[in-house]
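This is entry_33.tsv (TSV, C-alpha atoms).
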chain	number	residue	atom	x	y	z
G	1	MET	CA	14.14	-26.03	24.36
G	2	ALA	CA	15.84	-22.66	24.02
G	3	LYS	CA	16.58	-20.35	26.91
G	4	ARG	CA	17.30	-17.29	24.76
G	5	VAL	CA	15.82	-16.32	21.39
G	6	PHE	CA	17.17	-13.42	19.35
G	7	LEU	CA	14.67	-12.06	16.82
G	8	ILE	CA	16.18	-9.39	14.57
G	9	VAL	CA	13.99	-7.36	12.21
G	10	LEU	CA	15.96	-5.70	9.41
G	11	ASP	CA	13.37	-2.97	8.88
G	12	SER	CA	12.24	-3.00	5.20
G	13	PHE	CA	14.59	-5.76	3.94
G	14	GLY	CA	12.46	-7.21	1.15
G	15	ILE	CA	13.75	-9.84	-1.28
G	16	GLY	CA	11.31	-9.61	-4.19
G	17	HIS	CA	7.74	-8.59	-4.89
G	18	ALA	CA	4.99	-10.49	-3.11
G	19	PRO	CA	2.29	-12.43	-5.01
G	20	ASP	CA	-0.18	-9.56	-4.45
G	21	ALA	CA	2.32	-6.75	-5.14
G	22	ALA	CA	0.39	-5.53	-8.20
G	23	GLU	CA	-2.54	-4.63	-5.93
G	24	PHE	CA	-0.19	-2.24	-4.09
G	25	GLY	CA	1.49	-0.87	-7.23
G	26	ASP	CA	4.74	-2.64	-6.39
G	27	ARG	CA	5.21	-5.28	-9.07
G	28	GLY	CA	8.90	-5.84	-9.75
G	29	ALA	CA	10.17	-4.40	-6.45
G	30	ASN	CA	13.17	-6.13	-4.89
G	31	THR	CA	15.08	-4.33	-2.14
G	32	LEU	CA	17.89	-6.89	-2.05
G	33	ARG	CA	18.36	-6.84	-5.83
G	34	SER	CA	18.78	-3.05	-5.78
G	35	CYS	CA	21.47	-3.42	-3.10
G	36	ILE	CA	23.28	-6.15	-5.05
G	37	ALA	CA	23.28	-3.93	-8.15
G	38	THR	CA	25.36	-1.28	-6.37
G	39	GLY	CA	28.39	-3.57	-6.21
G	40	ARG	CA	28.83	-2.45	-2.58
G	41	LEU	CA	27.09	-5.34	-0.83
G	42	SER	CA	29.17	-7.84	1.16
G	43	VAL	CA	27.11	-10.19	3.35
G	44	PRO	CA	29.03	-13.47	3.76
G	45	HIS	CA	27.43	-14.27	7.12
G	46	LEU	CA	23.88	-13.75	5.84
G	47	CYS	CA	24.81	-15.98	2.90
G	48	ARG	CA	26.13	-18.53	5.37
G	49	MET	CA	22.62	-18.51	6.91
G	50	GLY	CA	21.09	-19.27	3.51
G	51	LEU	CA	20.18	-15.85	2.10
G	52	SER	CA	21.89	-16.50	-1.24
G	53	HIS	CA	19.83	-19.69	-1.75
G	54	LEU	CA	16.54	-17.77	-1.81
G	55	PRO	CA	14.73	-16.52	-4.93
G	56	GLY	CA	15.42	-12.82	-5.32
G	57	ALA	CA	19.03	-13.11	-4.14
G	58	GLU	CA	20.56	-13.93	-7.51
G	59	GLY	CA	24.07	-12.50	-7.72
G	60	LEU	CA	25.09	-13.31	-4.15
G	61	PRO	CA	27.69	-16.05	-3.66
G	62	ARG	CA	26.06	-19.35	-2.71
G	63	VAL	CA	27.26	-21.29	0.32
G	64	GLU	CA	27.32	-25.03	-0.25
G	65	ALA	CA	25.82	-26.00	3.13
G	66	PRO	CA	24.02	-23.15	4.98
G	67	MET	CA	24.21	-23.34	8.77
G	68	GLY	CA	20.48	-23.37	9.55
G	69	ALA	CA	17.02	-23.17	8.05
G	70	TYR	CA	16.07	-20.47	5.57
G	71	GLY	CA	12.96	-19.44	3.65
G	72	ARG	CA	10.67	-16.62	2.59
G	73	LEU	CA	7.59	-15.12	4.21
G	74	ARG	CA	4.65	-13.22	2.75
G	75	GLU	CA	2.38	-10.80	4.54
G	76	LEU	CA	-1.34	-11.48	4.81
G	77	SER	CA	-2.30	-8.13	6.39
G	78	ARG	CA	-3.71	-5.46	4.11
G	79	GLY	CA	-0.87	-3.09	4.66
G	80	LYS	CA	2.85	-2.70	4.16
G	81	ASP	CA	3.95	-0.61	7.11
G	82	THR	CA	5.95	-1.13	10.27
G	83	THR	CA	3.02	-1.44	12.64
G	84	VAL	CA	0.95	-4.09	10.85
G	85	GLY	CA	4.14	-5.88	9.79
G	86	HIS	CA	5.33	-6.28	13.37
G	87	TRP	CA	1.85	-7.14	14.59
G	88	GLU	CA	1.69	-9.95	12.05
G	89	LEU	CA	5.19	-11.19	12.87
G	90	CYS	CA	3.84	-11.46	16.42
G	91	GLY	CA	0.66	-13.31	15.50
G	92	HIS	CA	-2.04	-10.84	14.38
G	93	VAL	CA	-3.26	-10.43	10.79
G	94	SER	CA	-4.83	-7.01	10.10
G	95	PRO	CA	-7.79	-7.50	7.73
G	96	ALA	CA	-7.99	-3.81	6.80
G	97	PRO	CA	-5.22	-1.26	6.27
G	98	LEU	CA	-4.67	1.45	8.84
G	99	PRO	CA	-5.92	4.86	7.67
G	100	THR	CA	-3.70	7.04	5.49
G	101	TYR	CA	-4.09	10.69	4.51
G	102	PRO	CA	-2.82	11.49	1.00
G	103	GLU	CA	-4.62	14.87	1.14
G	104	GLY	CA	-3.66	15.65	4.73
G	105	PHE	CA	-5.70	15.25	7.92
G	106	PRO	CA	-9.27	16.59	8.15
G	107	PRO	CA	-9.46	20.31	9.02
G	108	GLU	CA	-11.68	19.69	12.04
G	109	LEU	CA	-9.13	17.24	13.49
G	110	ILE	CA	-6.26	19.68	12.95
G	111	ALA	CA	-8.32	22.49	14.48
G	112	GLU	CA	-8.96	20.45	17.63
G	113	PHE	CA	-5.30	19.43	17.82
G	114	SER	CA	-4.27	23.10	17.52
G	115	ARG	CA	-6.76	24.14	20.20
G	116	ARG	CA	-5.59	21.50	22.67
G	117	THR	CA	-1.88	22.06	22.12
G	118	GLY	CA	-2.04	25.85	21.88
G	119	HIS	CA	0.04	25.85	18.69
G	120	GLU	CA	-0.70	26.85	15.12
G	121	VAL	CA	-0.28	23.96	12.67
G	122	VAL	CA	1.50	24.28	9.32
G	123	CYS	CA	1.90	21.91	6.35
G	124	ASN	CA	-0.57	19.04	7.01
G	125	LEU	CA	0.41	17.21	3.81
G	126	PRO	CA	2.40	14.12	2.84
G	127	TYR	CA	6.01	15.32	2.82
G	128	SER	CA	9.64	14.29	2.96
G	129	GLY	CA	10.87	14.49	6.54
G	130	THR	CA	13.86	16.61	5.58
G	131	ALA	CA	12.14	18.80	2.99
G	132	VAL	CA	9.32	19.66	5.38
G	133	ILE	CA	11.82	21.26	7.77
G	134	GLU	CA	13.43	23.26	4.96
G	135	ASP	CA	10.04	24.57	3.84
G	136	TYR	CA	8.38	25.29	7.20
G	137	TRP	CA	11.11	26.05	9.74
G	138	GLN	CA	10.49	29.80	9.55
G	139	ALA	CA	6.86	29.51	10.66
G	140	GLN	CA	8.04	27.40	13.56
G	141	ARG	CA	10.74	29.78	14.72
G	142	GLU	CA	8.69	32.98	14.25
G	143	ARG	CA	5.24	31.81	15.39
G	144	GLY	CA	5.84	28.63	17.40
G	145	ALA	CA	3.90	26.58	14.85
G	146	LEU	CA	4.02	22.80	14.83
G	147	ILE	CA	5.03	21.18	11.55
G	148	VAL	CA	2.54	18.35	11.02
G	149	TYR	CA	2.94	16.03	8.06
G	150	THR	CA	2.29	12.45	6.99
G	151	SER	CA	3.49	9.98	4.36
G	152	ALA	CA	2.15	6.99	2.46
G	153	ASP	CA	2.23	5.19	5.82
G	154	SER	CA	-0.39	5.47	8.54
G	155	VAL	CA	1.47	8.15	10.50
G	156	PHE	CA	0.90	11.58	12.05
G	157	GLN	CA	4.34	13.18	12.29
G	158	ILE	CA	5.30	16.34	14.15
G	159	ALA	CA	8.61	18.04	13.43
G	160	ALA	CA	9.86	20.47	16.07
G	161	HIS	CA	13.15	22.18	16.79
G	162	GLU	CA	14.61	21.03	20.09
G	163	GLU	CA	15.36	24.62	21.17
G	164	TRP	CA	12.54	26.66	19.59
G	165	ILE	CA	9.78	24.26	20.70
G	166	GLY	CA	11.58	21.92	23.10
G	167	LEU	CA	11.56	18.15	23.43
G	168	ASP	CA	9.18	18.00	26.36
G	169	GLU	CA	6.68	20.20	24.54
G	170	LEU	CA	6.99	18.12	21.37
G	171	TYR	CA	6.32	14.93	23.33
G	172	ARG	CA	3.34	16.56	25.10
G	173	CYS	CA	1.83	17.51	21.75
G	174	CYS	CA	2.39	13.99	20.43
G	175	ARG	CA	0.53	12.53	23.39
G	176	ILE	CA	-2.39	14.85	22.65
G	177	ALA	CA	-2.36	13.75	19.00
G	178	ARG	CA	-2.37	10.11	20.08
G	179	GLU	CA	-5.44	10.73	22.26
G	180	LEU	CA	-7.25	12.34	19.31
G	181	LEU	CA	-6.28	9.79	16.68
G	182	THR	CA	-8.53	6.87	17.55
G	183	GLY	CA	-11.41	5.06	15.89
G	184	ALA	CA	-11.71	5.91	12.20
G	185	HIS	CA	-8.62	8.14	12.52
G	186	GLY	CA	-6.60	5.55	14.44
G	187	VAL	CA	-3.29	5.91	12.62
G	188	GLY	CA	-0.63	3.35	13.37
G	189	ARG	CA	1.85	5.81	14.84
G	190	VAL	CA	2.20	9.39	16.01
G	191	ILE	CA	5.88	10.22	15.57
G	192	ALA	CA	7.90	12.96	17.26
G	193	ARG	CA	10.51	14.21	14.76
G	194	PRO	CA	12.89	16.56	16.61
G	195	TYR	CA	15.64	18.45	14.82
G	196	VAL	CA	18.40	20.96	15.58
G	197	GLY	CA	20.47	23.52	13.70
G	198	GLU	CA	20.18	26.93	12.09
G	199	PRO	CA	18.98	27.75	8.58
G	200	PRO	CA	19.77	26.37	6.11
G	201	HIS	CA	21.52	23.51	7.92
G	202	PHE	CA	19.17	21.34	9.97
G	203	THR	CA	19.68	17.81	11.29
G	204	ARG	CA	17.10	15.41	12.67
G	205	THR	CA	18.22	14.05	16.03
G	206	GLY	CA	18.07	10.63	17.65
G	207	ASN	CA	15.33	11.78	20.06
G	208	ARG	CA	12.55	10.51	17.80
G	209	HIS	CA	9.72	8.84	19.70
G	210	ASP	CA	6.81	6.79	18.34
G	211	TYR	CA	3.38	6.70	19.98
G	212	SER	CA	1.68	3.60	18.63
G	213	LEU	CA	-1.82	2.21	18.75
G	214	LEU	CA	-2.31	-0.38	21.43
G	215	PRO	CA	-1.95	-3.87	19.94
G	216	PRO	CA	-5.35	-5.18	18.78
G	217	ALA	CA	-4.86	-8.61	20.38
G	218	VAL	CA	-2.64	-10.45	22.84
G	219	LEU	CA	0.52	-10.67	20.74
G	220	LEU	CA	3.82	-12.50	21.12
G	221	PRO	CA	5.51	-10.07	23.59
G	222	GLU	CA	2.54	-10.11	25.96
G	223	ARG	CA	2.14	-13.88	25.70
G	224	LEU	CA	5.79	-14.38	26.63
G	225	GLN	CA	5.53	-11.87	29.46
G	226	ARG	CA	2.47	-13.68	30.83
G	227	ALA	CA	4.51	-16.89	30.74
G	228	GLY	CA	7.06	-15.26	33.05
G	229	LEU	CA	9.73	-14.75	30.38
G	230	ASP	CA	11.92	-11.76	29.63
G	231	VAL	CA	10.98	-9.67	26.58
G	232	ILE	CA	13.81	-7.25	25.82
G	233	GLY	CA	13.09	-4.66	23.13
G	234	VAL	CA	15.93	-2.97	21.24
G	235	GLY	CA	15.35	0.05	19.01
G	236	LYS	CA	11.73	1.04	18.44
G	237	ILE	CA	10.23	-2.31	19.52
G	238	SER	CA	8.69	-0.90	22.71
G	239	ASP	CA	7.26	2.02	20.73
G	240	ILE	CA	5.72	-0.29	18.10
G	241	PHE	CA	3.86	-2.29	20.75
G	242	ALA	CA	3.06	0.73	22.94
G	243	GLY	CA	5.15	-0.94	25.66
G	244	VAL	CA	2.72	-3.87	25.98
G	245	GLY	CA	4.56	-7.05	26.92
G	246	ILE	CA	8.01	-5.44	26.95
G	247	THR	CA	9.84	-6.14	30.20
G	248	GLU	CA	13.02	-4.21	29.34
G	249	SER	CA	13.59	-1.56	26.65
G	250	HIS	CA	16.71	-0.18	25.00
G	251	PRO	CA	15.77	2.67	22.63
G	252	THR	CA	18.47	3.50	20.11
G	253	SER	CA	19.43	6.34	17.80
G	254	GLY	CA	20.00	4.02	14.83
G	255	ASN	CA	21.55	0.82	13.55
G	256	ALA	CA	25.01	1.28	15.05
G	257	GLU	CA	23.68	1.65	18.58
G	258	GLY	CA	21.14	-1.14	18.03
G	259	GLN	CA	23.83	-3.54	16.89
G	260	ALA	CA	26.00	-2.61	19.87
G	261	ARG	CA	23.09	-3.31	22.26
G	262	LEU	CA	22.49	-6.65	20.53
G	263	LEU	CA	26.06	-7.77	21.17
G	264	GLU	CA	25.92	-6.59	24.78
G	265	LEU	CA	22.71	-8.52	25.41
G	266	ALA	CA	24.13	-11.64	23.78
G	267	GLY	CA	26.85	-11.54	26.42
G	268	ARG	CA	24.50	-11.56	29.40
G	269	GLU	CA	21.94	-13.83	31.04
G	270	PHE	CA	18.23	-13.65	30.33
G	271	HIS	CA	15.44	-16.13	29.72
G	272	GLY	CA	13.12	-15.25	26.88
G	273	LEU	CA	13.20	-13.03	23.81
G	274	CYS	CA	15.60	-10.32	22.68
G	275	PHE	CA	13.57	-8.50	20.00
G	276	VAL	CA	15.59	-6.08	17.84
G	277	ASN	CA	14.50	-3.58	15.19
G	278	LEU	CA	17.17	-1.94	13.03
G	279	VAL	CA	15.39	1.07	11.55
G	280	ASP	CA	18.05	2.81	9.46
G	281	PHE	CA	17.55	0.46	6.51
G	282	ASP	CA	14.05	1.91	6.13
G	283	SER	CA	14.25	5.49	7.39
G	284	LYS	CA	17.71	6.51	6.14
G	285	TYR	CA	18.10	4.46	2.97
G	286	GLY	CA	14.88	2.86	1.72
G	287	HIS	CA	12.61	5.91	1.87
G	288	ARG	CA	15.41	8.14	0.60
G	289	ARG	CA	16.07	5.71	-2.28
G	290	ASP	CA	19.74	5.45	-1.35
G	291	ALA	CA	20.73	2.01	-2.63
G	292	VAL	CA	24.44	2.49	-1.89
G	293	GLY	CA	23.72	3.52	1.71
G	294	TYR	CA	21.35	0.56	2.11
G	295	ALA	CA	23.97	-1.88	0.78
G	296	GLU	CA	26.65	-0.48	3.07
G	297	ALA	CA	24.31	-0.66	6.08
G	298	LEU	CA	23.56	-4.31	5.30
G	299	SER	CA	27.28	-4.99	5.02
G	300	ALA	CA	27.83	-3.33	8.42
G	301	PHE	CA	25.09	-5.49	9.96
G	302	ASP	CA	26.72	-8.56	8.43
G	303	GLU	CA	29.97	-7.70	10.22
G	304	THR	CA	28.00	-7.50	13.48
G	305	LEU	CA	26.45	-10.87	12.69
G	306	GLY	CA	29.94	-12.35	12.42
G	307	ARG	CA	30.64	-11.04	15.92
G	308	LEU	CA	27.32	-12.36	17.23
G	309	PHE	CA	27.81	-15.97	16.14
G	310	PRO	CA	30.56	-16.76	18.71
G	311	LEU	CA	28.37	-15.32	21.49
G	312	LEU	CA	25.47	-17.68	20.78
G	313	ARG	CA	25.13	-20.65	23.10
G	314	PRO	CA	24.10	-24.19	22.11
G	315	ASP	CA	20.55	-23.65	23.38
G	316	ASP	CA	20.09	-20.21	21.77
G	317	ARG	CA	17.96	-19.52	18.70
G	318	LEU	CA	18.52	-16.76	16.17
G	319	LEU	CA	15.88	-15.56	13.70
G	320	ILE	CA	16.44	-12.77	11.16
G	321	THR	CA	13.57	-11.37	9.12
G	322	ALA	CA	11.88	-8.10	8.01
G	323	ASP	CA	8.53	-6.35	8.31
G	324	HIS	CA	8.00	-5.14	4.70
G	325	GLY	CA	10.08	-3.91	1.77
G	326	CYS	CA	11.34	-0.43	0.80
G	327	ASP	CA	13.18	-0.91	-2.48
G	328	PRO	CA	15.75	1.91	-2.87
G	329	GLY	CA	15.75	1.31	-6.63
G	330	TYR	CA	11.98	1.66	-7.03
G	331	SER	CA	9.93	4.71	-8.01
G	332	GLY	CA	8.52	6.99	-5.33
G	333	THR	CA	9.48	6.90	-1.66
G	334	ASP	CA	6.90	4.48	-0.23
G	335	HIS	CA	7.33	1.02	1.23
G	336	THR	CA	7.10	-1.83	-1.27
G	337	ARG	CA	5.00	-5.00	-0.95
G	338	GLU	CA	7.63	-7.75	-0.87
G	339	MET	CA	8.46	-11.18	0.39
G	340	VAL	CA	10.94	-11.09	3.27
G	341	PRO	CA	13.62	-13.57	4.31
G	342	LEU	CA	13.51	-15.81	7.35
G	343	LEU	CA	16.98	-16.98	8.32
G	344	THR	CA	17.47	-19.14	11.42
G	345	ALA	CA	20.32	-20.63	13.41
G	346	GLY	CA	20.27	-22.97	16.37
G	347	GLY	CA	17.95	-25.89	16.95
G	348	GLU	CA	17.42	-28.84	14.67
G	349	MET	CA	15.91	-27.17	11.60
G	350	GLN	CA	18.16	-27.23	8.55
G	351	GLY	CA	17.84	-26.39	4.88
G	352	ARG	CA	15.20	-24.71	2.73
G	353	MET	CA	11.83	-24.13	4.40
G	354	PRO	CA	8.64	-23.84	2.34
G	355	ASP	CA	7.41	-20.30	1.80
G	356	GLY	CA	5.38	-19.21	4.81
G	357	VAL	CA	3.63	-16.21	6.34
G	358	PHE	CA	4.76	-13.55	8.78
G	359	ALA	CA	2.92	-15.13	11.71
G	360	ASP	CA	5.12	-18.23	11.42
G	361	VAL	CA	7.74	-16.20	13.29
G	362	ALA	CA	5.57	-15.99	16.42
G	363	ARG	CA	4.92	-19.72	16.29
G	364	MET	CA	8.64	-20.51	15.94
G	365	VAL	CA	9.62	-18.27	18.84
G	366	GLU	CA	6.97	-19.75	21.11
G	367	GLU	CA	7.89	-23.30	20.17
G	368	ALA	CA	11.56	-22.58	20.84
G	369	LEU	CA	10.76	-21.18	24.31
G	370	GLY	CA	8.19	-23.87	25.16
G	371	VAL	CA	5.21	-21.52	25.28
G	372	ASP	CA	1.81	-22.64	23.98
G	373	SER	CA	1.03	-20.82	20.73
Mind converting the file's structure to structure tokens?
Amino acid sequence: MAKRVFLIVLDSFGIGHAPDAAEFGDRGANTLRSCIATGRLSVPHLCRMGLSHLPGAEGLPRVEAPMGAYGRLRELSRGKDTTVGHWELCGHVSPAPLPTYPEGFPPELIAEFSRRTGHEVVCNLPYSGTAVIEDYWQAQRERGALIVYTSADSVFQIAAHEEWIGLDELYRCCRIARELLTGAHGVGRVIARPYVGEPPHFTRTGNRHDYSLLPPAVLLPERLQRAGLDVIGVGKISDIFAGVGITESHPTSGNAEGQARLLELAGREFHGLCFVNLVDFDSKYGHRRDAVGYAEALSAFDETLGRLFPLLRPDDRLLITADHGCDPGYSGTDHTREMVPLLTAGGEMQGRMPDGVFADVARMVEEALGVDS
């Protein structure tokens, strides 16, 4: 039985289109293949865990005897976003997709949001997170307007300048939006998107904060917490689960800080789960269709993985997976419906595992920690 389990989600790291990808308009997507094609990908430690033996990883050097068990997972939920992906990794299949707003949010909802916050609202359309600032900053600076926008995901995003609007005010407005967005309008996340700078040079900051729906069931973090175990969230894990079941949280500004926290936690005592989300793969590279940046970020994570291996103890378990795809070589800027890898180390499992489903991850973590699934 394991004392410590490290579950690392490489946000959006797909390895080839899922069997139902055509239903989502994503046939042919392969995030890993697009990274390999750049010639900038170097992931010897992930290959050592079996990545290069999986379909969709053609072109990576194969390791003769991978160190653990490796396989692929498909998503059953009717969605391809962070929220439903993490919920399913933790044991809950979402039978219907969370609501999206390709034409913007209903006028009556925006009017009520404006009334309760005291701010005018501008944009209210699907938009690039950087372009929306370039196009609407003036209304924000001159009239104190909130820049509200969405994407192909189930999100209500508010961009606000940290000096013109202020972080505390942005967070207050996000909490109001979260209260309003329930029921039929229950989007997966309300996201605070703060930025700084002067025109025309603006930069989004690391003070992003996600306000998620409460989990729809008792999921893996809460089950472990009820069993008296530690559940340590790194990155946006606590945000994704609205804090439910998380006993200790380490928010991060991006992959570099998340990887540093991972190594620090591997060097200390705890009993339970260290649950890590590395978001830059998705937010900085996948959505922006930056295959070179994605490949370099994967290579940087692989270097961290090489530093993590010596810190793992004989009774530790390591699982590496993803929550959806976001192929930087695909058309558009949306997530892509893909299979994801499951790479494991520690324990007795070795070799190729049959293809499974996201919820297998919850079962494996609970079995490793001796908790009834």
request  = Measuring atom to atom with all atoms listed in the file, identify which of G:Arg352, G:Ser34, G:Ala96, G:Ala368 is nearest to Ala65 in chain G.
outcome  = G:Arg352
Which residues of range 137-242 of chain G come within 8 Å of range 325-342 of chain G, and for each one, what is the closest pair of atoms and their distance in Å to one decimal, counting all atoms listed in the file, sorted by chain and residue number, as CSV?
residue,atom,partner,partner_atom,distance
G:Ser151,CA,G:Asp334,CA,7.9
G:Ala152,CA,G:Asp334,CA,6.0
G:Asp153,CA,G:Asp334,CA,7.7
query = Residues around (19.4, 6.0, 4.8), cut-off 10 Å, counting all atoms listed in the file - what are they as a VMD selection string?
reply = chain G and resid 279 to 297 328
Closest of G:Gly16, G:Gly351, G:Pro194, G:Pro215 to Arg33 in chain G - atom-to-atom distances counting only C-alpha atoms =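 For Arg33 in chain G, the nearest of the candidates is G:Gly16.
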inquiry  = Please list as a PyMOL selection string every residue within 12 Å of Glu103 in chain G, counting all atoms listed in the file and excluding residues in the same chain fewer than 6 positions away.
reply    = chain G and resi 123-127+149-152
Gap from CA of Leu76 in chain G to CA of Gly272 in chain G - Å, one decimal =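 Calculated distance between CA of Leu76 in chain G and CA of Gly272 in chain G is 26.7 Å.
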With range 168-173 of chain G as the partner and 10 Å as the cut-off, tabulate the residues of range 52-129 of chain G that qualify, each row holding the nearest pair of atoms and their distance in Å to one decimal, using only C-alpha atoms, sorted by chain and rising number, as a Markdown table.
| residue | atom | partner | partner_atom | distance |
| --- | --- | --- | --- | --- |
| G:Phe113 | CA | G:Cys173 | CA | 8.4 |
| G:Ser114 | CA | G:Cys173 | CA | 9.3 |
| G:Arg116 | CA | G:Cys173 | CA | 8.5 |
| G:Thr117 | CA | G:Cys173 | CA | 5.9 |
| G:Gly118 | CA | G:Cys173 | CA | 9.2 |
| G:His119 | CA | G:Cys173 | CA | 9.1 |
key: Atom pair CA of Cys174 in chain G / CA of Ile240 in chain G: separation (Å)   =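 We find that CA of Cys174 in chain G and CA of Ile240 in chain G lie 14.8 Å from each other.
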query = Restricting the calculation to all atoms listed in the file, which member of G:Glu75, G:Glu58, G:Asp360, G:Glu269 is positioned closest to Asp20 in chain G?
reply =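 Nearest candidate to Asp20 in chain G out of G:Glu75, G:Glu58, G:Asp360, G:Glu269: G:Glu75.
One finds CA of Tyr101 in chain G at 12.0 Å from CA of Val148 in chain G.
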message = Every residue with an atom at most 6 Å from (13.4, 17.5, 12.2) (file coordinates; only C-alpha atoms) is what I'm after, so could you write them as a PyMOL selection string?
response = chain G and resi 159+193-195+204
request  = Tell me which protein, DNA and RNA residues are within 10 Å of Pro199 in chain G, counting all atoms listed in the file, leaving out same-chain ones fewer than 3 positions away, and put them as a PyMOL selection string.
outcome  = chain G and resi 133-134+137-138+196+202
request  = Might you pull out every residue within 6 Å of range 83-88 of chain G, with all atoms listed in the file counted and same-chain residues fewer than 3 positions away left off, and present them as a ChimeraX atom specification?
outcome  = /G:91-93,323,358-359
Just write the chosen residues, C-alpha atoms, as a PDB file, keeping the file's coordinate frame.
ATOM      1  CA  GLY G  91       0.660 -13.310  15.500  1.00  0.00           C
ATOM      2  CA  HIS G  92      -2.040 -10.840  14.380  1.00  0.00           C
ATOM      3  CA  VAL G  93      -3.260 -10.430  10.790  1.00  0.00           C
ATOM      4  CA  ASP G 323       8.530  -6.350   8.310  1.00  0.00           C
ATOM      5  CA  PHE G 358       4.760 -13.550   8.780  1.00  0.00           C
ATOM      6  CA  ALA G 359       2.920 -15.130  11.710  1.00  0.00           C
TER       7      ALA G 359
END
inquiry  = Taking all atoms listed in the file into account, name the residue in G:Gly267, G:Gly59, G:Gly188, G:Pro66 that is nearest to Leu41 in chain G.
reply    =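 Nearest candidate to Leu41 in chain G out of G:Gly267, G:Gly59, G:Gly188, G:Pro66: G:Gly59.
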